[in-house]
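Engineer: For reference, this is final_1.tsv, and it has TSV, C-alpha atoms and all ligand atoms.
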```
chain	number	residue	atom	x	y	z
A	461	MET	CA	114.94	-57.99	20.68
A	462	HIS	CA	116.43	-59.28	17.48
A	463	ARG	CA	117.06	-62.98	17.84
A	464	ARG	CA	120.62	-62.64	16.67
A	465	THR	CA	121.59	-59.98	19.15
A	466	PHE	CA	122.98	-62.77	21.26
A	467	LEU	CA	123.90	-64.40	19.15
A	468	ARG	CA	149.71	-55.81	4.83
A	469	THR	CA	151.03	-54.11	2.84
A	470	THR	CA	154.60	-53.08	2.08
A	471	VAL	CA	154.99	-49.36	2.03
A	472	GLY	CA	157.77	-48.18	-0.02
A	473	ALA	CA	159.54	-48.71	-3.22
A	474	ALA	CA	159.43	-45.71	-5.45
A	475	ALA	CA	156.13	-44.16	-6.38
A	476	SER	CA	156.86	-45.08	-9.96
A	477	LEU	CA	157.06	-48.71	-9.00
A	478	ALA	CA	153.70	-48.47	-7.25
A	479	VAL	CA	152.17	-46.98	-10.38
A	480	ALA	CA	153.73	-49.65	-12.55
A	481	SER	CA	152.45	-52.31	-10.18
A	482	SER	CA	148.95	-50.87	-10.31
A	483	LEU	CA	149.02	-50.84	-14.09
A	484	THR	CA	150.25	-54.42	-14.14
A	485	GLU	CA	147.42	-55.41	-11.83
A	486	ARG	CA	144.88	-53.76	-14.10
A	487	ALA	CA	146.33	-55.37	-17.19
A	488	ARG	CA	146.29	-58.75	-15.52
A	489	ALA	CA	142.72	-58.30	-14.28
A	490	ALA	CA	141.62	-57.27	-17.75
A	491	THR	CA	143.04	-60.35	-19.43
A	492	ALA	CA	142.23	-62.94	-16.78
A	493	PRO	CA	138.49	-63.62	-16.64
A	494	PHE	CA	138.56	-64.42	-12.97
A	495	ALA	CA	141.92	-63.91	-11.37
A	496	ARG	CA	141.23	-63.92	-7.63
A	497	PRO	CA	138.64	-66.60	-7.00
A	498	ARG	CA	139.38	-67.13	-3.33
A	499	VAL	CA	139.62	-63.59	-2.00
A	500	SER	CA	136.43	-64.06	0.00
A	501	GLU	CA	137.82	-67.14	1.77
A	502	ASP	CA	141.14	-65.35	2.27
A	503	VAL	CA	139.39	-62.51	4.08
A	504	LEU	CA	137.56	-64.94	6.36
A	505	SER	CA	140.97	-66.35	7.29
A	506	GLN	CA	142.37	-62.95	8.24
A	507	HIS	CA	142.78	-62.01	11.86
A	508	TYR	CA	143.69	-58.74	13.56
A	509	PRO	CA	144.97	-56.48	12.09
A	510	PHE	CA	142.54	-56.90	9.21
A	511	VAL	CA	143.51	-55.69	5.76
A	512	LEU	CA	141.42	-54.41	2.86
A	513	PRO	CA	142.31	-56.40	-0.27
A	514	PRO	CA	142.47	-54.46	-3.53
A	515	LEU	CA	139.35	-54.59	-5.67
A	516	GLY	CA	141.33	-56.64	-8.19
A	517	TYR	CA	139.82	-55.03	-11.28
A	518	ALA	CA	139.24	-51.55	-12.62
A	519	ASN	CA	136.52	-49.42	-11.04
A	520	ASP	CA	134.74	-49.25	-14.40
A	521	ALA	CA	135.09	-52.97	-15.16
A	522	VAL	CA	131.40	-53.78	-14.70
A	523	GLU	CA	129.84	-50.61	-16.03
A	524	PRO	CA	127.05	-49.94	-16.72
A	525	ALA	CA	125.68	-52.25	-14.00
A	526	VAL	CA	127.89	-50.56	-11.40
A	527	ASP	CA	129.36	-47.17	-12.28
A	528	ALA	CA	133.01	-46.41	-11.61
A	529	GLN	CA	132.34	-43.72	-9.01
A	530	THR	CA	130.10	-45.98	-6.96
A	531	MET	CA	132.61	-48.82	-7.22
A	532	SER	CA	135.43	-46.56	-6.09
A	533	ILE	CA	133.60	-45.03	-3.13
A	534	HIS	CA	132.07	-48.35	-2.14
A	535	HIS	CA	135.38	-50.23	-2.04
A	536	ASP	CA	137.88	-47.52	-1.14
A	537	LYS	CA	135.73	-45.71	1.44
A	538	HIS	CA	132.84	-47.84	2.72
A	539	HIS	CA	134.61	-51.19	2.81
A	540	ALA	CA	137.79	-49.54	4.08
A	541	THR	CA	135.85	-47.99	6.95
A	542	TYR	CA	134.49	-51.38	8.03
A	543	VAL	CA	138.06	-52.68	8.17
A	544	THR	CA	139.30	-49.63	10.09
A	545	ASN	CA	136.47	-49.83	12.62
A	546	LEU	CA	136.90	-53.57	13.07
A	547	ASN	CA	140.57	-53.02	13.84
A	548	LYS	CA	139.75	-50.21	16.27
A	549	ALA	CA	137.29	-52.46	18.08
A	550	LEU	CA	139.88	-55.21	18.56
A	551	GLU	CA	142.80	-52.89	19.34
A	552	THR	CA	142.48	-53.52	23.07
A	553	GLN	CA	140.86	-56.99	22.85
A	554	THR	CA	144.03	-59.05	22.93
A	555	ALA	CA	142.11	-62.27	23.55
A	556	LEU	CA	140.27	-61.79	20.26
A	557	GLN	CA	143.19	-60.71	18.10
A	558	GLY	CA	144.13	-64.26	17.16
A	559	LYS	CA	140.62	-65.16	16.06
A	560	THR	CA	139.92	-65.31	12.35
A	561	LEU	CA	137.09	-63.27	10.87
A	562	ARG	CA	135.20	-66.52	10.31
A	563	GLU	CA	135.60	-67.43	14.00
A	564	LEU	CA	134.46	-63.98	15.09
A	565	LEU	CA	131.32	-64.08	12.93
A	566	THR	CA	130.34	-67.66	13.68
A	567	GLY	CA	131.03	-67.11	17.39
A	568	LEU	CA	129.40	-63.70	17.69
A	569	ALA	CA	127.25	-64.80	20.63
A	570	THR	CA	130.38	-65.61	22.67
A	571	LEU	CA	132.00	-62.20	22.23
A	572	PRO	CA	132.08	-59.68	25.09
A	573	ASP	CA	129.13	-57.27	25.17
A	574	GLY	CA	131.38	-54.30	24.52
A	575	VAL	CA	132.55	-55.48	21.09
A	576	ARG	CA	129.80	-57.81	19.85
A	577	THR	CA	127.78	-55.22	17.95
A	578	THR	CA	130.87	-53.57	16.49
A	579	VAL	CA	132.19	-56.90	15.23
A	580	ARG	CA	128.75	-57.83	13.93
A	581	ASN	CA	128.53	-54.62	11.90
A	582	ASN	CA	132.13	-54.12	10.82
A	583	GLY	CA	133.34	-57.72	10.71
A	584	GLY	CA	130.20	-58.56	8.78
A	585	GLY	CA	130.85	-55.58	6.53
A	586	HIS	CA	134.40	-56.76	5.81
A	587	ALA	CA	133.35	-60.34	5.01
A	588	ASN	CA	130.24	-59.39	3.03
A	589	HIS	CA	132.01	-56.86	0.82
A	590	ALA	CA	134.93	-59.20	0.11
A	591	MET	CA	132.36	-61.64	-1.22
A	592	PHE	CA	130.54	-58.94	-3.19
A	593	TRP	CA	133.72	-57.84	-5.03
A	594	MET	CA	134.45	-61.45	-5.88
A	595	LEU	CA	130.92	-61.96	-7.22
A	596	LEU	CA	131.17	-58.83	-9.37
A	597	ALA	CA	134.56	-59.78	-10.82
A	598	PRO	CA	134.39	-59.33	-14.58
A	599	GLY	CA	134.27	-62.45	-16.69
A	600	GLY	CA	133.24	-65.87	-15.51
A	601	ALA	CA	130.03	-67.69	-16.29
A	602	LYS	CA	126.88	-65.55	-16.40
A	603	THR	CA	124.66	-68.47	-15.45
A	604	PRO	CA	125.16	-71.20	-12.84
A	605	SER	CA	126.39	-74.62	-13.94
A	606	GLY	CA	127.42	-77.93	-12.42
A	607	ALA	CA	126.59	-78.82	-8.82
A	608	LEU	CA	125.38	-75.33	-7.96
A	609	ALA	CA	122.97	-75.26	-10.92
A	610	SER	CA	121.65	-78.69	-9.94
A	611	ALA	CA	121.11	-77.57	-6.36
A	612	ILE	CA	119.34	-74.40	-7.53
A	613	VAL	CA	116.96	-76.38	-9.75
A	614	ARG	CA	116.36	-78.86	-6.93
A	615	ASP	CA	115.59	-76.18	-4.31
A	616	PHE	CA	113.95	-73.43	-6.39
A	617	GLY	CA	112.65	-75.24	-9.47
A	618	SER	CA	114.75	-73.14	-11.87
A	619	VAL	CA	117.56	-70.61	-12.05
A	620	THR	CA	114.98	-67.98	-13.02
A	621	ALA	CA	112.97	-68.71	-9.87
A	622	CYS	CA	116.12	-68.44	-7.73
A	623	LEU	CA	117.04	-65.07	-9.23
A	624	ALA	CA	113.45	-63.89	-8.76
A	625	ALA	CA	113.64	-64.90	-5.09
A	626	MET	CA	116.89	-62.96	-4.69
A	627	LYS	CA	115.31	-59.90	-6.28
A	628	THR	CA	112.25	-60.17	-4.05
A	629	ALA	CA	114.44	-60.48	-0.96
A	630	GLY	CA	116.47	-57.45	-2.04
A	631	LEU	CA	113.39	-55.36	-2.72
A	632	GLY	CA	111.75	-56.49	0.50
A	633	GLN	CA	114.71	-55.71	2.73
A	634	PHE	CA	113.50	-52.62	4.57
A	635	GLY	CA	116.32	-50.13	4.92
A	636	SER	CA	119.88	-51.34	4.66
A	637	GLY	CA	120.85	-54.95	4.19
A	638	TRP	CA	121.63	-57.72	1.76
A	639	SER	CA	119.84	-60.31	-0.31
A	640	TRP	CA	121.51	-63.67	0.28
A	641	LEU	CA	121.59	-66.98	-1.49
A	642	MET	CA	122.96	-69.30	1.17
A	643	ARG	CA	123.42	-72.99	1.82
A	644	ASP	CA	123.15	-75.02	4.96
A	645	GLY	CA	125.50	-77.79	6.07
A	646	GLY	CA	123.66	-80.31	3.93
A	647	GLY	CA	123.90	-78.19	0.80
A	648	LYS	CA	120.28	-77.04	0.76
A	649	LEU	CA	119.91	-73.55	-0.68
A	650	THR	CA	117.68	-70.78	0.62
A	651	VAL	CA	117.25	-67.08	-0.13
A	652	ARG	CA	116.77	-64.54	2.63
A	653	GLY	CA	117.23	-60.86	3.22
A	654	LEU	CA	119.39	-59.97	6.22
A	655	PRO	CA	119.59	-56.50	7.78
A	656	ASN	CA	122.64	-54.26	7.93
A	657	GLN	CA	125.88	-56.26	7.68
A	658	ASP	CA	124.63	-59.45	9.33
A	659	SER	CA	126.49	-62.46	7.95
A	660	PRO	CA	124.83	-65.77	7.06
A	661	LEU	CA	127.81	-67.34	8.86
A	662	THR	CA	126.37	-66.16	12.19
A	663	ASP	CA	123.29	-68.28	11.48
A	664	GLY	CA	125.41	-71.32	10.66
A	665	MET	CA	124.86	-70.84	6.92
A	666	ARG	CA	127.38	-70.44	4.14
A	667	PRO	CA	126.96	-67.41	1.86
A	668	VAL	CA	126.88	-68.28	-1.85
A	669	VAL	CA	125.72	-65.02	-3.47
A	670	GLY	CA	125.21	-61.75	-1.61
A	671	ILE	CA	123.76	-58.62	-3.16
A	672	ASP	CA	124.32	-55.38	-1.27
A	673	VAL	CA	121.12	-53.32	-1.14
A	674	TRP	CA	122.41	-50.49	1.03
A	675	GLU	CA	121.74	-47.19	-0.72
A	676	HIS	CA	125.49	-46.57	-0.92
A	677	ALA	CA	125.64	-49.52	-3.35
A	678	TYR	CA	123.42	-47.90	-5.97
A	679	TYR	CA	122.14	-44.44	-5.14
A	680	LEU	CA	124.57	-42.40	-7.28
A	681	LYS	CA	123.45	-44.16	-10.44
A	682	TYR	CA	120.02	-45.57	-9.68
A	683	GLN	CA	118.74	-43.18	-6.97
A	684	ASN	CA	115.60	-44.83	-5.58
A	685	ARG	CA	115.32	-47.43	-8.36
A	686	ARG	CA	116.49	-50.42	-6.37
A	687	THR	CA	114.66	-52.78	-8.71
A	688	GLU	CA	116.75	-51.63	-11.72
A	689	TYR	CA	119.92	-52.00	-9.70
A	690	LEU	CA	118.97	-55.52	-8.65
A	691	ASP	CA	118.20	-56.53	-12.24
A	692	ALA	CA	121.56	-55.17	-13.43
A	693	VAL	CA	123.65	-56.67	-10.65
A	694	LEU	CA	121.95	-60.07	-10.73
A	695	ALA	CA	122.76	-60.21	-14.45
A	696	THR	CA	126.40	-59.38	-13.66
A	697	VAL	CA	127.05	-62.10	-11.06
A	698	ASN	CA	130.14	-64.17	-11.75
A	699	TRP	CA	128.71	-67.65	-11.23
A	700	ASP	CA	132.18	-69.21	-11.31
A	701	ALA	CA	132.82	-67.29	-8.10
A	702	ALA	CA	129.48	-68.37	-6.66
A	703	ALA	CA	130.29	-72.01	-7.50
A	704	ILE	CA	133.49	-71.75	-5.46
A	705	ALA	CA	131.55	-70.28	-2.55
A	706	TYR	CA	129.00	-73.09	-2.82
A	707	ALA	CA	131.47	-75.97	-3.09
A	801	MN	MN	128.11	-51.88	0.82
```
For this file, produce the structure as C-alpha cells.
Ligand code: MN
Structural biologist:
Amino acid sequence: MHRRTFLRTTVGAAASLAVASSLTERARAATAPFARPRVSEDVLSQHYPFVLPPLGYANDAVEPAVDAQTMSIHHDKHHATYVTNLNKALETQTALQGKTLRELLTGLATLPDGVRTTVRNNGGGHANHAMFWMLLAPGGAKTPSGALASAIVRDFGSVTACLAAMKTAGLGQFGSGWSWLMRDGGGKLTVRGLPNQDSPLTDGMRPVVGIDVWEHAYYLKYQNRRTEYLDAVLATVNWDAAAIAYA
C-alpha cells in the first residue's frame, strides 16, 4: 500500500460590463509583469465552497511553451473539475467545511475514509494547479536570485543541476504526476516526482516549483515528447513567483 494512503463570484451586471472587465484584466495582466503573486497562498486559505481563480493572464501569454488551447482546457476544464469535485466531496461533510485547503492537505491522514482519497486527488489538484498558473505567469525573473538561488546552489551545486533534477524527476514520473522542487521546515531543498495530484504539503514539505507532467498538460502540442515540454516549461518558470513560495 502506498505509504501516503493514510496519510465567489458575483453574477450579474450587464454582459457588456463582464466583457469590459475581462478586457481590463487582460490589459492589466499584459502590462504588469507579475500581478497576482500570492494566488497560490490564497487558494490554500480557501475553504468550502472552493472557488477557481481566473488564470490572470491570456491563454496565449506563454506561447510557444504552452499553447493557448492547452492553457484554456487545462485551466477552464481540468482545474475547474478538481474544484467541482472537491466541493461535491465536502457537500455533506459539515465538519470539514470550515477547514482550509492547507489544513485538509496537511491533515489528510485524519480525514474520514469516505472522503480522504477524493480530497487527496481533487484538493491536491486545486492547490497544485493554482501554484502552476502562478509559476507560469508571464514576466518575472527567468532565473532564481537571492535566498532561493543561494539555497539551490547550496543543495544542488548549481541552478543548472537543480533544473536537470527537475527534468529527470518529470521524465521519470511513470504515468501522471508532478515534478516538485520543495523545501523542508529548515529550508533544505529537494526534488522529487509525486504521483497524481499528491501535494508536498501532505509530506510536511512546502512546494516551491511544481511542473505538471500529466498528459493533459502537454499532449495537444507535444504529444509523447515530454522531454521537449519539460525543457520549454522549465525555461518559462517565473522565479519571482517561486521565490515567494520559497520564502
Ligand atoms: Mn494538470
Engineer: As an exercise, work out the distance from CA of Val526 (chain A) to CA of Gly584 (chain A) in Å and give it to one decimal place.
Structural biologist: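 Distance between the two atoms: 21.8 Å.
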Engineer: Which is closer to ligand MN 801 (chain A) than all the others in A:Arg685, A:Arg652, A:His676, A:His507, using only C-alpha atoms and all ligand atoms?
Structural biologist: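 Of the candidates, the smallest distance to ligand MN 801 (chain A) is held by A:His676.
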Engineer: Near region 610-612 of chain A, within 9 Å and counting all atoms listed in the file, which residues show up once chain neighbours fewer than 4 positions away are dropped, as a compact mmCIF listing (two decimals) with C-alpha atoms, in the frame of the given file?
Structural biologist:
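Below is the file around01.txt, written as the result:
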```txt
# COMPACT_ATOMS: atom_id res chain seq x y z
CA PRO A 604 125.16 -71.20 -12.84
CA SER A 605 126.39 -74.62 -13.94
CA GLY A 606 127.42 -77.93 -12.42
CA PHE A 616 113.95 -73.43 -6.39
CA GLY A 617 112.65 -75.24 -9.47
CA SER A 618 114.75 -73.14 -11.87
CA VAL A 619 117.56 -70.61 -12.05
CA ALA A 621 112.97 -68.71 -9.87
CA CYS A 622 116.12 -68.44 -7.73
CA GLY A 647 123.90 -78.19 0.80
CA LYS A 648 120.28 -77.04 0.76
CA LEU A 649 119.91 -73.55 -0.68
```
Engineer: Residues near Phe634 (chain A), anyone? I mean within 12 Å using all atoms listed in the file, not counting same-chain ones fewer than 4 positions away, as number ranges by chain.
Structural biologist: A: 628-630, 638-639, 653-656, 673-675, 686
Engineer: Mind dumping a table of every chain A residue within 9 Å of ligand MN 801 (chain A), with the nearest atom pair and its distance in Å to one decimal, using all atoms listed in the file, sorted by chain and rising number, as a Markdown table?
Structural biologist:
```
| residue | atom | partner | partner_atom | distance |
| --- | --- | --- | --- | --- |
| A:His534 | CA | A:MN801 | MN | 6.1 |
| A:His535 | CA | A:MN801 | MN | 8.0 |
| A:His538 | CA | A:MN801 | MN | 6.5 |
| A:His539 | CA | A:MN801 | MN | 6.8 |
| A:Gly585 | CA | A:MN801 | MN | 7.3 |
| A:Asn588 | CA | A:MN801 | MN | 8.1 |
| A:His589 | CA | A:MN801 | MN | 6.3 |
| A:Phe592 | CA | A:MN801 | MN | 8.5 |
| A:Gly637 | CA | A:MN801 | MN | 8.6 |
| A:Trp638 | CA | A:MN801 | MN | 8.8 |
| A:Gln657 | CA | A:MN801 | MN | 8.4 |
| A:Ile671 | CA | A:MN801 | MN | 9.0 |
| A:Asp672 | CA | A:MN801 | MN | 5.6 |
| A:Val673 | CA | A:MN801 | MN | 7.4 |
| A:Trp674 | CA | A:MN801 | MN | 5.9 |
| A:Glu675 | CA | A:MN801 | MN | 8.1 |
| A:His676 | CA | A:MN801 | MN | 6.2 |
| A:Ala677 | CA | A:MN801 | MN | 5.4 |
```
Engineer: Work out how far apart CA of Met531 (chain A) and CA of Ala707 (chain A) are and give it in Å to one decimal.
Structural biologist: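 Between these atoms lies a distance of 27.5 Å.
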Engineer: Between A:Thr696, A:Ser659, A:Asn684, A:Thr552, which has the minimum distance to Gly567 (chain A) (counting only C-alpha atoms)?
Structural biologist: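 Ranking A:Thr696, A:Ser659, A:Asn684, A:Thr552 by distance to Gly567 (chain A), first place goes to A:Ser659.
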Engineer: What is the CA of Trp593 (chain A)-CA of Val579 (chain A) distance in Å, reported with one decimal?
Structural biologist: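 Taking CA of Trp593 (chain A) and CA of Val579 (chain A), their separation equals 20.3 Å.
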Engineer: Leaving out Asp644 (chain A) and any residue of its chain fewer than 3 positions from it, which residues lie within 10 Å of it when counting all atoms listed in the file, given as a compact mmCIF listing (two decimals) with C-alpha atoms, in the coordinates of the input?
Structural biologist:
```txt
# COMPACT_ATOMS: atom_id res chain seq x y z
CA GLY A 647 123.90 -78.19 0.80
CA LYS A 648 120.28 -77.04 0.76
CA LEU A 649 119.91 -73.55 -0.68
CA THR A 650 117.68 -70.78 0.62
CA PRO A 660 124.83 -65.77 7.06
CA LEU A 661 127.81 -67.34 8.86
CA ASP A 663 123.29 -68.28 11.48
CA GLY A 664 125.41 -71.32 10.66
CA MET A 665 124.86 -70.84 6.92
CA ARG A 666 127.38 -70.44 4.14
CA PRO A 667 126.96 -67.41 1.86
CA TYR A 706 129.00 -73.09 -2.82
```
Engineer: Between A:Met642, A:Val693, A:Leu565, A:Ala521, which has the minimum distance to Leu608 (chain A) (counting all atoms listed in the file)?
Structural biologist: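 Counting all atoms listed in the file, the residue closest to Leu608 (chain A) is A:Met642.
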Engineer: Leu571 (chain A): which residues within 9 Å, counting all atoms listed in the file, same-chain residues fewer than 5 positions away excluded, as a ChimeraX atom specification?
Structural biologist: /A:467,556,564,576,579
Engineer: Which residues are near Asn519 (chain A)? Cut-off 8 Å, only C-alpha atoms, ignore same chain within fewer than 5 positions. Put them as a JSON list (two decimals) with C-alpha atoms, in the frame of the given file.
Structural biologist:
```json
[["chain", "number", "residue", "atom", "x", "y", "z"],
["A", 527, "ASP", "CA", 129.36, -47.17, -12.28],
["A", 528, "ALA", "CA", 133.01, -46.41, -11.61],
["A", 529, "GLN", "CA", 132.34, -43.72, -9.01],
["A", 531, "MET", "CA", 132.61, -48.82, -7.22],
["A", 532, "SER", "CA", 135.43, -46.56, -6.09]]
```
Engineer: A:Leu680, A:Leu631, A:Ala525, A:Leu512: which is nearest Ser500 (chain A), counting all atoms listed in the file?
Structural biologist: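 Ranked by minimum distance to Ser500 (chain A), first place goes to A:Leu512.
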Engineer: For Leu623 (chain A), which residue among A:Leu515, A:Ala569, A:Leu641, A:Val668 is the nearest when counting all atoms listed in the file?
Structural biologist: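 Nearest to Leu623 (chain A): A:Leu641.
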Engineer: Given the choices A:Arg643, A:Lys559, A:Arg498, A:Arg614, which gets closest to Met591 (chain A) if the distance is worked out from only C-alpha atoms?
Structural biologist: A:Arg498
